[in-house]
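Chemist: Please find structure_4.cif (mmCIF, C-alpha atoms) on the next line:
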data_protein
#
loop_
_atom_site.label_atom_id
_atom_site.label_comp_id
_atom_site.auth_asym_id
_atom_site.auth_seq_id
_atom_site.Cartn_x
_atom_site.Cartn_y
_atom_site.Cartn_z
CA MET A 266 15.75 5.44 23.52
CA ASN A 267 13.14 3.18 24.97
CA VAL A 268 10.28 3.52 22.56
CA GLN A 269 7.35 1.39 23.65
CA HIS A 270 4.36 2.48 21.60
CA HIS A 271 4.46 1.93 17.88
CA PRO A 272 2.36 2.42 14.76
CA THR A 273 0.52 -0.67 13.52
CA GLU A 274 2.07 -2.61 10.65
CA ALA A 275 -0.82 -1.32 8.54
CA ARG A 276 0.34 2.26 9.22
CA LEU A 277 3.90 1.33 8.33
CA LEU A 278 2.60 -0.05 5.06
CA ASP A 279 0.59 3.14 4.44
CA TYR A 280 3.83 5.05 4.93
CA ALA A 281 5.90 2.78 2.71
CA SER A 282 3.37 2.77 -0.12
CA GLY A 283 2.91 6.54 -0.08
CA ALA A 284 -0.81 6.24 0.68
CA LEU A 285 -0.30 8.22 3.86
CA SER A 286 -0.72 11.92 3.11
CA GLY A 287 2.08 14.42 3.48
CA ALA A 288 1.02 15.89 6.82
CA ALA A 289 0.38 12.50 8.43
CA ARG A 290 3.71 11.19 7.12
CA LEU A 291 5.52 13.68 9.32
CA VAL A 292 4.20 12.08 12.49
CA VAL A 293 5.15 8.56 11.41
CA ALA A 294 8.51 9.82 10.09
CA ALA A 295 9.38 11.34 13.47
CA HIS A 296 8.73 7.96 15.11
CA LEU A 297 10.78 6.11 12.48
CA GLY A 298 13.70 8.41 13.19
CA VAL A 299 14.02 6.97 16.70
CA CYS A 300 12.60 3.47 16.26
CA PRO A 301 14.94 1.14 14.34
CA ASP A 302 12.46 -1.70 14.52
CA CYS A 303 9.65 0.20 12.78
CA ALA A 304 12.17 1.73 10.37
CA ARG A 305 13.20 -1.79 9.37
CA GLY A 306 9.56 -2.72 8.87
CA VAL A 307 9.06 0.25 6.58
CA HIS A 308 12.26 -0.57 4.76
CA LEU A 309 11.10 -4.12 4.19
CA PHE A 310 7.78 -2.91 2.79
CA GLU A 311 9.66 -0.41 0.61
CA ALA A 312 11.76 -3.24 -0.71
CA VAL A 313 8.53 -5.05 -1.60
CA GLY A 314 7.49 -1.85 -3.41
CA GLY A 315 10.83 -1.78 -5.21
CA GLY A 316 10.32 -5.35 -6.32
CA MET A 317 6.83 -4.58 -7.56
CA LEU A 318 8.14 -1.56 -9.44
CA ASP A 319 10.81 -3.68 -11.05
CA ALA A 320 8.28 -6.32 -12.06
CA LEU A 321 5.89 -3.88 -13.76
CA THR A 322 5.38 -4.04 -17.49
CA PRO A 323 7.24 -0.99 -18.83
CA SER A 324 5.24 1.85 -20.39
CA PRO A 325 7.28 3.35 -23.22
CA LEU A 326 8.29 6.97 -22.81
CA ALA A 327 8.46 9.53 -25.61
CA PRO A 328 11.29 8.67 -28.02
CA ASP A 329 13.30 11.72 -26.96
CA ALA A 330 12.78 11.18 -23.23
CA LEU A 331 16.27 9.90 -22.53
CA ALA A 332 17.92 12.64 -24.61
CA HIS A 333 15.81 15.17 -22.78
CA ALA A 334 16.83 13.76 -19.40
CA LEU A 335 20.49 13.62 -20.39
CA ALA A 336 20.34 17.26 -21.42
CA ARG A 337 18.95 18.13 -18.03
CA THR A 338 21.69 16.22 -16.19
CA GLU A 339 24.17 18.79 -17.50
CA ARG A 340 22.53 21.57 -15.64
CA PRO A 341 23.92 22.14 -12.20
CA SER A 342 21.35 21.11 -9.67
CA ALA A 343 20.00 23.84 -7.50
CA ALA A 344 21.78 23.94 -4.17
CA SER A 345 19.37 22.87 -1.51
CA ASP A 346 19.09 24.73 1.77
CA PRO A 347 20.86 23.07 4.65
CA LEU A 348 18.39 21.09 6.70
CA PRO A 349 17.43 22.96 9.84
CA PRO A 350 17.98 20.94 13.00
CA GLY A 351 15.27 20.75 15.62
CA PRO A 352 15.61 21.90 19.24
CA GLU A 353 18.36 20.05 21.07
CA ASP A 354 16.23 18.48 23.76
CA TRP A 355 13.68 17.06 21.32
CA ILE A 356 13.99 13.83 19.40
CA ALA A 357 15.16 14.31 15.80
CA ILE A 358 12.38 15.86 13.73
CA PRO A 359 11.68 16.02 9.99
CA PRO A 360 13.02 19.23 8.35
CA LEU A 361 9.55 20.51 7.57
CA VAL A 362 8.69 20.35 11.26
CA ALA A 363 11.98 22.02 12.23
CA ARG A 364 11.15 24.84 9.82
CA ALA A 365 7.75 25.28 11.45
CA VAL A 366 9.35 25.40 14.90
CA ARG A 367 11.40 28.38 13.74
CA ALA A 368 8.91 30.16 11.58
CA ALA A 369 5.34 29.48 12.65
CA PRO A 370 3.71 31.68 15.28
CA ARG A 371 2.96 30.03 18.60
CA ARG A 372 -0.56 30.33 19.90
CA ARG A 373 -0.76 30.19 23.65
CA ALA A 374 -3.32 29.23 26.24
CA PRO A 375 -2.72 28.70 29.96
CA GLY A 376 -0.38 25.71 30.27
CA ALA A 377 -0.27 24.91 26.55
CA TRP A 378 0.82 26.20 23.15
CA MET A 379 0.25 25.22 19.56
CA GLN A 380 2.29 25.75 16.42
CA ALA A 381 0.84 24.82 13.02
CA VAL A 382 3.06 22.69 10.79
CA SER A 383 0.90 21.71 7.87
CA HIS A 384 -2.74 22.01 6.80
CA GLY A 385 -5.06 20.08 4.57
CA PRO A 386 -6.57 18.48 2.71
CA GLY A 387 -9.81 19.67 4.27
CA PRO A 388 -9.78 19.71 8.05
CA ALA A 389 -6.59 17.59 8.27
CA ARG A 390 -3.74 19.34 10.01
CA CYS A 391 -0.40 18.63 11.58
CA TYR A 392 0.76 20.73 14.49
CA LEU A 393 3.05 20.91 17.49
CA LEU A 394 1.43 20.93 20.87
CA GLY A 395 3.33 21.94 23.98
CA MET A 396 2.06 21.24 27.48
CA ALA A 397 3.64 22.61 30.65
CA ALA A 398 4.60 20.12 33.36
CA GLY A 399 1.48 18.69 34.96
CA ARG A 400 -0.77 20.68 32.62
CA GLY A 401 -2.75 19.43 29.72
CA VAL A 402 -5.39 19.81 27.12
CA PRO A 403 -9.05 19.97 28.17
CA PRO A 404 -11.14 16.86 27.47
CA HIS A 405 -12.07 16.52 23.83
CA SER A 406 -12.88 14.07 21.11
CA HIS A 407 -12.12 14.12 17.39
CA ARG A 408 -14.54 13.64 14.58
CA ALA A 409 -11.86 11.60 12.85
CA GLY A 410 -8.47 10.02 13.49
CA GLU A 411 -5.53 11.38 15.42
CA MET A 412 -1.87 10.38 15.37
CA THR A 413 0.62 11.60 17.95
CA VAL A 414 4.35 11.25 18.49
CA VAL A 415 6.09 12.57 21.59
CA LEU A 416 9.04 14.82 20.75
CA LYS A 417 10.01 15.80 24.28
CA GLY A 418 8.98 14.86 27.81
CA ALA A 419 6.03 12.60 28.49
CA PHE A 420 2.29 12.80 28.77
CA ARG A 421 -0.45 10.73 30.28
CA ASP A 422 -3.33 9.65 28.09
CA GLY A 423 -5.81 7.71 30.21
CA ASP A 424 -3.85 4.86 31.78
CA VAL A 425 -0.93 5.13 29.39
CA ILE A 426 2.19 7.27 29.71
CA LEU A 427 3.92 8.09 26.46
CA GLY A 428 7.54 9.20 26.37
CA PRO A 429 9.92 10.49 23.71
CA GLY A 430 9.42 8.74 20.38
CA ASP A 431 6.24 6.95 21.45
CA PHE A 432 3.48 6.89 18.88
CA SER A 433 -0.23 6.71 19.49
CA GLU A 434 -3.23 6.64 17.24
CA HIS A 435 -6.90 7.12 18.07
CA ASP A 436 -9.99 6.88 15.96
CA GLY A 437 -12.74 9.48 16.14
CA GLU A 438 -14.56 7.73 18.94
CA VAL A 439 -12.02 8.39 21.65
CA SER A 440 -12.56 11.15 24.15
CA HIS A 441 -9.44 12.05 26.09
CA ALA A 442 -7.59 14.74 28.02
CA PRO A 443 -3.84 14.34 27.50
CA GLN A 444 -1.76 15.77 30.31
CA ALA A 445 2.00 16.28 30.61
CA THR A 446 3.58 14.36 33.46
CA ALA A 447 4.82 16.39 36.41
CA ASP A 448 8.48 15.79 35.43
CA GLY A 449 8.64 18.55 32.86
CA ASP A 450 7.03 20.08 29.85
CA CYS A 451 6.02 17.90 26.94
CA VAL A 452 5.95 18.56 23.20
CA CYS A 453 4.06 16.39 20.73
CA LEU A 454 3.67 16.35 16.98
CA ILE A 455 0.05 15.62 16.19
CA TYR A 456 -1.95 14.90 13.07
CA THR A 457 -5.72 15.10 13.08
CA ASP A 458 -8.16 14.33 10.29
CA GLY A 459 -10.99 16.36 11.73
CA PRO A 460 -11.84 19.11 14.18
CA LEU A 461 -11.33 18.83 17.93
CA VAL A 462 -14.61 18.70 19.77
CA PRO A 463 -14.34 20.10 23.30
CA ALA A 464 -16.15 18.10 25.95
CA ASP A 465 -16.67 20.97 28.37
CA TRP A 466 -16.72 24.74 28.72
CA ILE A 467 -13.00 24.95 29.51
CA GLY A 468 -12.21 23.41 26.16
CA ARG A 469 -14.60 25.76 24.44
CA ILE A 470 -12.53 28.64 25.82
CA VAL A 471 -9.06 27.11 25.49
CA PHE A 472 -9.23 25.56 22.02
CA PRO A 473 -9.91 28.83 20.17
CA LEU A 474 -6.90 30.38 21.98
CA LEU A 475 -4.77 27.57 20.58
CA GLY A 476 -6.17 28.08 17.13
CA PHE A 477 -8.59 25.16 17.10
CA GLY A 478 -12.24 25.44 16.29
CA MET B 125 15.48 -8.01 -20.88
CA HIS B 126 13.40 -10.06 -18.53
CA VAL B 127 10.00 -8.56 -17.97
CA ALA B 128 7.92 -10.12 -15.27
CA ARG B 129 4.27 -9.27 -15.48
CA LEU B 130 2.50 -8.28 -12.35
CA SER B 131 -0.32 -10.62 -11.48
CA PRO B 132 -3.72 -9.11 -12.02
CA PRO B 133 -5.45 -8.16 -8.78
CA LYS B 134 -6.79 -11.02 -6.67
CA SER B 135 -4.93 -13.70 -8.58
CA GLY B 136 -2.62 -15.19 -6.06
CA ALA B 137 1.01 -14.54 -5.51
CA TRP B 138 3.39 -11.98 -6.79
CA PRO B 139 5.60 -13.52 -9.45
CA SER B 140 8.91 -14.69 -8.16
CA ARG B 141 12.07 -13.98 -10.05
CA PRO B 142 13.94 -16.60 -11.99
CA SER B 143 16.63 -18.16 -9.88
CA ARG B 144 19.37 -16.97 -12.21
CA LEU B 145 18.81 -13.53 -10.77
CA SER B 146 19.45 -14.49 -7.20
CA ARG B 147 22.78 -13.55 -5.79
CA PRO B 148 24.30 -16.37 -3.79
CA GLY B 149 26.73 -13.97 -2.12
CA ALA B 150 24.00 -12.27 -0.11
CA THR B 151 23.05 -13.74 3.22
CA TRP B 152 20.65 -12.53 5.85
CA ARG B 153 21.85 -12.96 9.37
CA PRO B 154 20.25 -11.94 12.60
CA ASP B 155 22.55 -9.63 14.45
CA ALA B 156 24.25 -11.29 17.37
CA THR B 157 23.39 -8.56 19.84
CA ASP B 158 19.66 -8.22 19.83
CA GLY B 159 18.47 -10.96 17.53
CA ARG B 160 16.16 -8.60 15.68
CA ARG B 161 18.61 -6.83 13.48
CA VAL B 162 19.42 -8.33 10.18
CA SER B 163 22.48 -7.47 8.22
CA LEU B 164 23.51 -8.30 4.76
CA HIS B 165 26.70 -9.81 3.56
CA GLN B 166 27.05 -8.51 0.12
CA ASP B 167 28.88 -9.92 -2.80
CA PRO B 168 31.38 -7.18 -3.58
CA SER B 169 31.48 -7.95 -7.28
CA PRO B 170 29.16 -6.01 -9.58
CA CYS B 171 26.00 -8.03 -9.86
CA GLN B 172 24.02 -8.83 -12.92
CA GLY B 173 20.31 -8.65 -13.60
CA PRO B 174 17.65 -6.47 -12.02
CA GLY B 175 19.25 -6.92 -8.61
CA GLY B 176 22.43 -5.45 -10.01
CA PHE B 177 21.62 -1.88 -10.91
CA SER B 178 23.37 -0.65 -7.81
CA HIS B 179 26.74 -0.35 -9.52
CA LEU B 180 25.19 1.94 -12.15
CA ILE B 181 24.11 4.36 -9.44
CA THR B 182 27.55 4.13 -7.88
CA ALA B 183 29.08 4.92 -11.29
CA ILE B 184 26.93 8.05 -11.52
CA ALA B 185 27.98 9.10 -8.04
CA GLU B 186 31.67 8.45 -8.59
CA ARG B 187 32.21 9.78 -12.09
CA GLY B 188 28.99 11.21 -13.46
CA ASP B 189 28.73 8.21 -15.78
CA ARG B 190 26.16 9.12 -18.43
CA ASP B 191 26.11 5.64 -19.96
CA ALA B 192 25.22 4.24 -16.56
CA PHE B 193 22.47 6.83 -16.30
CA ALA B 194 21.15 5.86 -19.74
CA SER B 195 20.99 2.19 -18.71
CA LEU B 196 19.19 3.02 -15.50
CA PHE B 197 16.83 5.35 -17.31
CA GLN B 198 15.93 2.78 -19.93
CA HIS B 199 15.12 0.17 -17.33
CA PHE B 200 13.45 2.22 -14.64
CA ALA B 201 11.82 5.27 -16.25
CA PRO B 202 9.23 3.17 -18.16
CA ARG B 203 8.48 1.21 -14.98
CA VAL B 204 8.10 4.33 -12.89
CA LYS B 205 5.73 5.58 -15.57
CA SER B 206 3.72 2.35 -15.30
CA TYR B 207 3.63 2.70 -11.52
CA LEU B 208 2.25 6.23 -11.77
CA LEU B 209 -0.25 5.26 -14.45
CA ARG B 210 -1.53 2.53 -12.17
CA LEU B 211 -2.02 5.12 -9.46
CA GLY B 212 -4.19 7.13 -11.82
CA ALA B 213 -1.75 9.71 -13.16
CA SER B 214 -2.30 11.03 -16.67
CA SER B 215 0.17 9.81 -19.26
CA GLU B 216 1.74 13.25 -19.38
CA ALA B 217 2.08 13.56 -15.61
CA ALA B 218 3.41 10.01 -15.31
CA GLU B 219 6.07 10.70 -17.94
CA GLU B 220 7.09 13.96 -16.30
CA LEU B 221 7.36 12.37 -12.87
CA ALA B 222 9.28 9.41 -14.31
CA GLN B 223 11.79 11.86 -15.79
CA GLU B 224 11.99 13.73 -12.51
CA THR B 225 12.52 10.49 -10.61
CA LEU B 226 15.49 9.49 -12.75
CA LEU B 227 16.93 13.00 -12.60
CA THR B 228 16.68 12.80 -8.83
CA VAL B 229 18.61 9.54 -9.06
CA TRP B 230 21.32 11.45 -10.95
CA ARG B 231 21.42 14.32 -8.49
CA ARG B 232 21.30 12.24 -5.36
CA ALA B 233 23.35 9.28 -6.51
CA ALA B 234 26.00 10.03 -3.89
CA SER B 235 23.46 9.42 -1.13
CA PHE B 236 22.67 5.92 -2.39
CA ASP B 237 24.17 3.18 -0.26
CA PRO B 238 24.07 -0.22 -1.95
CA ALA B 239 24.53 -1.89 1.43
CA LEU B 240 21.22 -0.42 2.60
CA SER B 241 18.90 -0.71 -0.39
CA ALA B 242 18.51 -2.35 -3.74
CA ALA B 243 18.48 0.13 -6.63
CA SER B 244 14.82 -0.67 -7.32
CA THR B 245 13.90 0.01 -3.69
CA TRP B 246 15.73 3.31 -3.67
CA ILE B 247 14.19 4.40 -6.96
CA PHE B 248 10.75 3.32 -5.74
CA THR B 249 11.11 5.55 -2.66
CA ILE B 250 12.21 8.49 -4.83
CA ALA B 251 9.18 8.09 -7.11
CA ARG B 252 6.91 7.69 -4.10
CA ASN B 253 8.32 10.78 -2.39
CA LEU B 254 7.98 12.88 -5.52
CA ARG B 255 4.40 11.73 -5.85
CA VAL B 256 3.63 12.56 -2.22
CA ASP B 257 5.30 15.96 -2.60
CA LEU B 258 3.39 16.66 -5.77
CA ALA B 259 0.13 15.95 -3.99
CA ARG B 260 1.21 18.31 -1.24
CA ARG B 261 2.15 21.01 -3.73
CA GLU B 262 -1.17 20.69 -5.50
CA MET B 263 -2.90 20.97 -2.16
CA ARG B 264 -0.97 24.14 -1.46
CA ALA B 265 -1.26 25.59 -4.92
CA ALA B 266 -2.62 28.81 -3.47
CA ALA B 267 0.34 29.31 -1.16
CA PRO B 268 3.52 27.85 -2.62
CA ARG B 269 6.31 27.19 -0.17
CA PRO B 270 9.52 25.24 -0.08
CA VAL B 271 8.79 21.58 -0.32
CA GLU B 272 10.71 18.73 1.16
CA VAL B 273 11.87 16.81 -1.85
CA SER B 274 12.39 13.77 0.22
CA PRO B 275 10.73 13.06 3.54
CA PRO B 276 13.31 11.90 6.04
CA GLU B 277 14.17 8.28 5.66
CA PRO B 278 15.64 6.05 8.29
CA GLY B 279 19.33 6.77 8.68
CA PRO B 280 22.02 4.12 8.39
CA ASP B 281 21.60 3.10 12.00
CA GLN B 282 17.94 2.43 11.53
CA ALA B 283 18.24 0.82 8.14
CA LEU B 284 20.22 -2.17 9.30
CA GLY B 285 17.36 -4.26 8.10
CA ALA B 286 18.62 -3.42 4.64
CA VAL B 287 16.48 -5.49 2.42
CA GLN B 288 18.13 -5.57 -0.87
CA ASP B 289 18.03 -9.03 -2.20
CA GLN B 290 15.04 -8.62 -4.45
CA ALA B 291 15.02 -12.25 -5.48
CA ARG B 292 14.52 -13.35 -1.90
CA ILE B 293 11.86 -10.74 -1.26
CA ALA B 294 9.98 -11.75 -4.38
CA LYS B 295 10.15 -15.36 -3.27
CA ALA B 296 8.96 -14.50 0.23
CA MET B 297 6.12 -12.43 -1.25
CA GLY B 298 5.20 -15.33 -3.50
CA GLU B 299 4.92 -17.59 -0.47
CA LEU B 300 2.57 -15.31 1.42
CA PRO B 301 -1.02 -16.51 1.71
CA ALA B 302 -2.97 -14.97 -1.17
CA GLU B 303 -5.10 -12.87 1.18
CA GLN B 304 -1.99 -11.27 2.68
CA ALA B 305 -0.34 -10.66 -0.69
CA GLU B 306 -3.56 -9.09 -1.92
CA VAL B 307 -3.72 -6.37 0.73
CA ILE B 308 -0.07 -5.50 0.16
CA ARG B 309 -0.56 -5.27 -3.59
CA GLU B 310 -3.58 -3.07 -3.00
CA ALA B 311 -1.51 -0.80 -0.78
CA PHE B 312 1.12 -0.21 -3.42
CA PHE B 313 -0.98 -0.03 -6.52
CA ALA B 314 -4.23 1.50 -5.40
CA ASP B 315 -2.75 4.42 -3.44
CA LYS B 316 -5.12 3.72 -0.60
CA PRO B 317 -4.50 3.69 3.12
CA HIS B 318 -5.47 0.48 4.86
CA SER B 319 -8.81 1.88 6.00
CA GLU B 320 -9.90 2.39 2.38
CA ILE B 321 -8.54 -0.97 1.32
CA ALA B 322 -10.73 -2.56 3.98
CA ARG B 323 -13.76 -0.66 2.75
CA ASP B 324 -13.15 -1.46 -0.91
CA LEU B 325 -12.53 -5.14 -0.27
CA GLY B 326 -15.58 -5.27 1.99
CA LEU B 327 -13.47 -6.51 4.91
CA PRO B 328 -13.50 -5.44 8.54
CA LEU B 329 -10.70 -2.98 9.31
CA GLY B 330 -9.28 -5.36 11.90
CA THR B 331 -9.00 -8.12 9.31
CA VAL B 332 -6.97 -5.96 6.95
CA LYS B 333 -4.71 -4.73 9.73
CA SER B 334 -4.18 -8.27 10.89
CA ARG B 335 -3.32 -9.47 7.36
CA MET B 336 -0.76 -6.69 7.01
CA ARG B 337 0.71 -7.51 10.39
CA LEU B 338 0.97 -11.20 9.62
CA ALA B 339 2.49 -10.43 6.22
CA LEU B 340 5.22 -8.30 7.77
CA ILE B 341 5.92 -10.93 10.41
CA ARG B 342 6.17 -13.63 7.74
CA LEU B 343 8.37 -11.56 5.46
CA ARG B 344 10.67 -10.70 8.33
CA ALA B 345 10.89 -14.31 9.39
CA ARG B 346 11.59 -15.55 5.87
CA LEU B 347 14.29 -12.98 5.28
CA ALA B 348 15.92 -13.67 8.63
CA GLU B 349 16.39 -17.32 7.69
CA PRO B 350 19.66 -18.50 6.19
CA GLU B 351 19.56 -18.15 2.45
CA ASP B 352 19.66 -21.82 1.52
CA SER B 353 16.48 -22.60 3.43
CA ALA B 354 14.56 -19.53 2.18
#
As structure tokens - that is how I would like this structure written.
Modeler:
Amino acid sequence: MNVQHHPTEARLLDYASGALSGAARLVVAAHLGVCPDCARGVHLFEAVGGGMLDALTPSPLAPDALAHALARTERPSAASDPLPPGPEDWIAIPPLVARAVRAAPRRRAPGAWMQAVSHGPGPARCYLLGMAAGRGVPPHSHRAGEMTVVLKGAFRDGDVILGPGDFSEHDGEVSHAPQATADGDCVCLIYTDGPLVPADWIGRIVFPLLGFG
Amino acid sequence: MHVARLSPPKSGAWPSRPSRLSRPGATWRPDATDGRRVSLHQDPSPCQGPGGFSHLITAIAERGDRDAFASLFQHFAPRVKSYLLRLGASSEAAEELAQETLLTVWRRAASFDPALSAASTWIFTIARNLRVDLARREMRAAAPRPVEVSPPEPGPDQALGAVQDQARIAKAMGELPAEQAEVIREAFFADKPHSEIARDLGLPLGTVKSRMRLALIRLRARLAEPEDSA
């Protein structure tokens, strides 16, 4: 896969340290699944975290902590559900996203659909956005940041075309109107920190249909 | 047991490990095909010191070795507790999550690959994931739902940059310019995304991002060098 657009190193560090919240992690995780170079960067930062953990001054646990843990190791661990795979023509997606694909209702508007994956804290949300070939999302801005990874197809965002696995991040200042390329439909996993703000009347009609606003 | 103390914030480099802990059998080599990949030649013998906890995890995976678990627990549980305390957890919550981290090590020992990660790195990611999941559960307290215990991690193909020689990483960290080491320390021990680190240090966002970028580039370069010159 020819991934060309990547998270910044600062984002990789946010991911490795755990400072990135659960919903936002999903977007970065989907990119890492198809980008060995970024995955290695995260792994290197994680190794730094491992070294820092190892170098910490220990804080004693309760005297019976080990006995308690040993007692719990005897219990059979709960069988975990098999991880649901994502759709075949998408890039590999985190299990939580795959679950949402199967279970969450799809909200539809002409040429687009939305499926919620994860909400909160506050206005933050992670969702799947589908755009039909050549169609897109009406112009809008965000009051806060947005992270996107392409799961299938490609879309145009201004002068840039993003394909499968590509990652993009915008701050709240950007106003844009992403549009799937004419080649086929496009699905993205998106995280936003704040509400979408439609730039015109079309958006004011379409966004509520998709469950925004 | 050797206990290195973490430098207080803003005081220069991360302490490097004593050389006796380095493992001369491990060598970083750029992969011949694309020049970016690094692979590790690992000393097959069980290693000693903090870099050598891997065989304990393997012993748990292979034969449910409770002595190995006890050794791992005694070394790592108090450190995981310290890590969580630093992130602001209560003593009770930190202890509970430290227990849960080590129990996860027990349960998932078979998925540990010593060729991909050092034990400390793997245990760090388990503690981190549990912490992230806990935050998510608390957020969803009103509507409980199945939680991903572990967010997907890079698979073996992606993890070829296996960074497991902690002695070399500590050394490379110690050689980072203080301003770069500082932002990385802040990231791990303040539980703040880079935007908040910038705000709290009173630095422009671009400066913090640039320091993190340069730090990663330097660390990668140092670890890609042959061992004897690192």
Chemist: Identify all residues satisfying the PyMOL selection byres ((chain B and resi 335) around 12) in the given file; provide them as an mmCIF file with C-alpha atoms, in the frame of the given file.
Modeler:
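Contents of out_14.cif, as written:
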data_model
loop_
_atom_site.group_PDB
_atom_site.id
_atom_site.type_symbol
_atom_site.label_atom_id
_atom_site.label_comp_id
_atom_site.auth_asym_id
_atom_site.auth_seq_id
_atom_site.Cartn_x
_atom_site.Cartn_y
_atom_site.Cartn_z
ATOM 1 C CA THR A 273 0.520 -0.670 13.520
ATOM 2 C CA GLU A 274 2.070 -2.610 10.650
ATOM 3 C CA ALA A 275 -0.820 -1.320 8.540
ATOM 4 C CA LEU A 278 2.600 -0.050 5.060
ATOM 5 C CA LEU B 300 2.570 -15.310 1.420
ATOM 6 C CA PRO B 301 -1.020 -16.510 1.710
ATOM 7 C CA ALA B 302 -2.970 -14.970 -1.170
ATOM 8 C CA GLU B 303 -5.100 -12.870 1.180
ATOM 9 C CA GLN B 304 -1.990 -11.270 2.680
ATOM 10 C CA ALA B 305 -0.340 -10.660 -0.690
ATOM 11 C CA GLU B 306 -3.560 -9.090 -1.920
ATOM 12 C CA VAL B 307 -3.720 -6.370 0.730
ATOM 13 C CA ILE B 308 -0.070 -5.500 0.160
ATOM 14 C CA HIS B 318 -5.470 0.480 4.860
ATOM 15 C CA ILE B 321 -8.540 -0.970 1.320
ATOM 16 C CA ALA B 322 -10.730 -2.560 3.980
ATOM 17 C CA LEU B 327 -13.470 -6.510 4.910
ATOM 18 C CA PRO B 328 -13.500 -5.440 8.540
ATOM 19 C CA LEU B 329 -10.700 -2.980 9.310
ATOM 20 C CA GLY B 330 -9.280 -5.360 11.900
ATOM 21 C CA THR B 331 -9.000 -8.120 9.310
ATOM 22 C CA VAL B 332 -6.970 -5.960 6.950
ATOM 23 C CA LYS B 333 -4.710 -4.730 9.730
ATOM 24 C CA SER B 334 -4.180 -8.270 10.890
ATOM 25 C CA MET B 336 -0.760 -6.690 7.010
ATOM 26 C CA ARG B 337 0.710 -7.510 10.390
ATOM 27 C CA LEU B 338 0.970 -11.200 9.620
ATOM 28 C CA ALA B 339 2.490 -10.430 6.220
ATOM 29 C CA LEU B 340 5.220 -8.300 7.770
ATOM 30 C CA ILE B 341 5.920 -10.930 10.410
ATOM 31 C CA ARG B 342 6.170 -13.630 7.740
#
Chemist: Please enclose the listed atoms of range 322-339 of chain A in an axis-aligned box, pad each side by 5 Å, and write out the centre and the three edge lengths in Å, rounded to one decimal, as AutoDock Vina command-line options.
Modeler:
--center_x 14.7 --center_y 7.4 --center_z -22.1 --size_x 28.9 --size_y 32.8 --size_z 21.8
Chemist: Could you please select, counting only C-alpha atoms, the residues of chain A within 6 Å of chain B and state them as a ChimeraX atom specification?
Modeler: /A:274-275,279,282-284,298,301,304-305,309,312,315,320-325,359
Chemist: Selection from above, C-alpha atoms, as a PDB file, keeping the file's coordinate frame, can you write it?
Modeler:
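As written to disk, out_35.pdb reads:
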ATOM      1  CA  GLU A 274       2.070  -2.610  10.650  1.00  0.00           C
ATOM      2  CA  ALA A 275      -0.820  -1.320   8.540  1.00  0.00           C
ATOM      3  CA  ASP A 279       0.590   3.140   4.440  1.00  0.00           C
ATOM      4  CA  SER A 282       3.370   2.770  -0.120  1.00  0.00           C
ATOM      5  CA  GLY A 283       2.910   6.540  -0.080  1.00  0.00           C
ATOM      6  CA  ALA A 284      -0.810   6.240   0.680  1.00  0.00           C
ATOM      7  CA  GLY A 298      13.700   8.410  13.190  1.00  0.00           C
ATOM      8  CA  PRO A 301      14.940   1.140  14.340  1.00  0.00           C
ATOM      9  CA  ALA A 304      12.170   1.730  10.370  1.00  0.00           C
ATOM     10  CA  ARG A 305      13.200  -1.790   9.370  1.00  0.00           C
ATOM     11  CA  LEU A 309      11.100  -4.120   4.190  1.00  0.00           C
ATOM     12  CA  ALA A 312      11.760  -3.240  -0.710  1.00  0.00           C
ATOM     13  CA  GLY A 315      10.830  -1.780  -5.210  1.00  0.00           C
ATOM     14  CA  ALA A 320       8.280  -6.320 -12.060  1.00  0.00           C
ATOM     15  CA  LEU A 321       5.890  -3.880 -13.760  1.00  0.00           C
ATOM     16  CA  THR A 322       5.380  -4.040 -17.490  1.00  0.00           C
ATOM     17  CA  PRO A 323       7.240  -0.990 -18.830  1.00  0.00           C
ATOM     18  CA  SER A 324       5.240   1.850 -20.390  1.00  0.00           C
ATOM     19  CA  PRO A 325       7.280   3.350 -23.220  1.00  0.00           C
ATOM     20  CA  PRO A 359      11.680  16.020   9.990  1.00  0.00           C
TER      21      PRO A 359
END
Chemist: Quick one: which residues end up in the PyMOL selection byres ((chain A and resi 424-436) around 7) for this structure, as a ChimeraX atom specification?
Modeler: /A:268-272,296,299,356,409-423,437-439
Chemist: To one decimal place, how far is CA of Arg364 in chain A from CA of Pro349 in chain A in Å?
Modeler: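 These two atoms are separated by 6.6 Å.
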Chemist: Can you tell me how far CA of Ala233 in chain B sits from CA of Ile184 in chain B, in Å to one decimal?
Modeler: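 Atom-to-atom, CA of Ala233 in chain B and CA of Ile184 in chain B are spaced 6.3 Å apart.
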Chemist: Between CA of Ala185 in chain B and CA of Phe310 in chain A, what is the spacing in Å?
Modeler: 25.9 Å
Chemist: As a check of understanding, name the residues that the PyMOL selection byres ((chain A and resi 288) around 8) selects in the supplied structure, as a VMD selection string.
Modeler: chain A and resid 286 to 287 289 to 292 383 to 385 389 to 391 456
Chemist: Could you list, as a ChimeraX atom specification, every residue within 7 Å of Gly401 in chain A, counting all atoms listed in the file and ignoring same-chain residues fewer than 6 positions away?
Modeler: /A:376-377,442-445
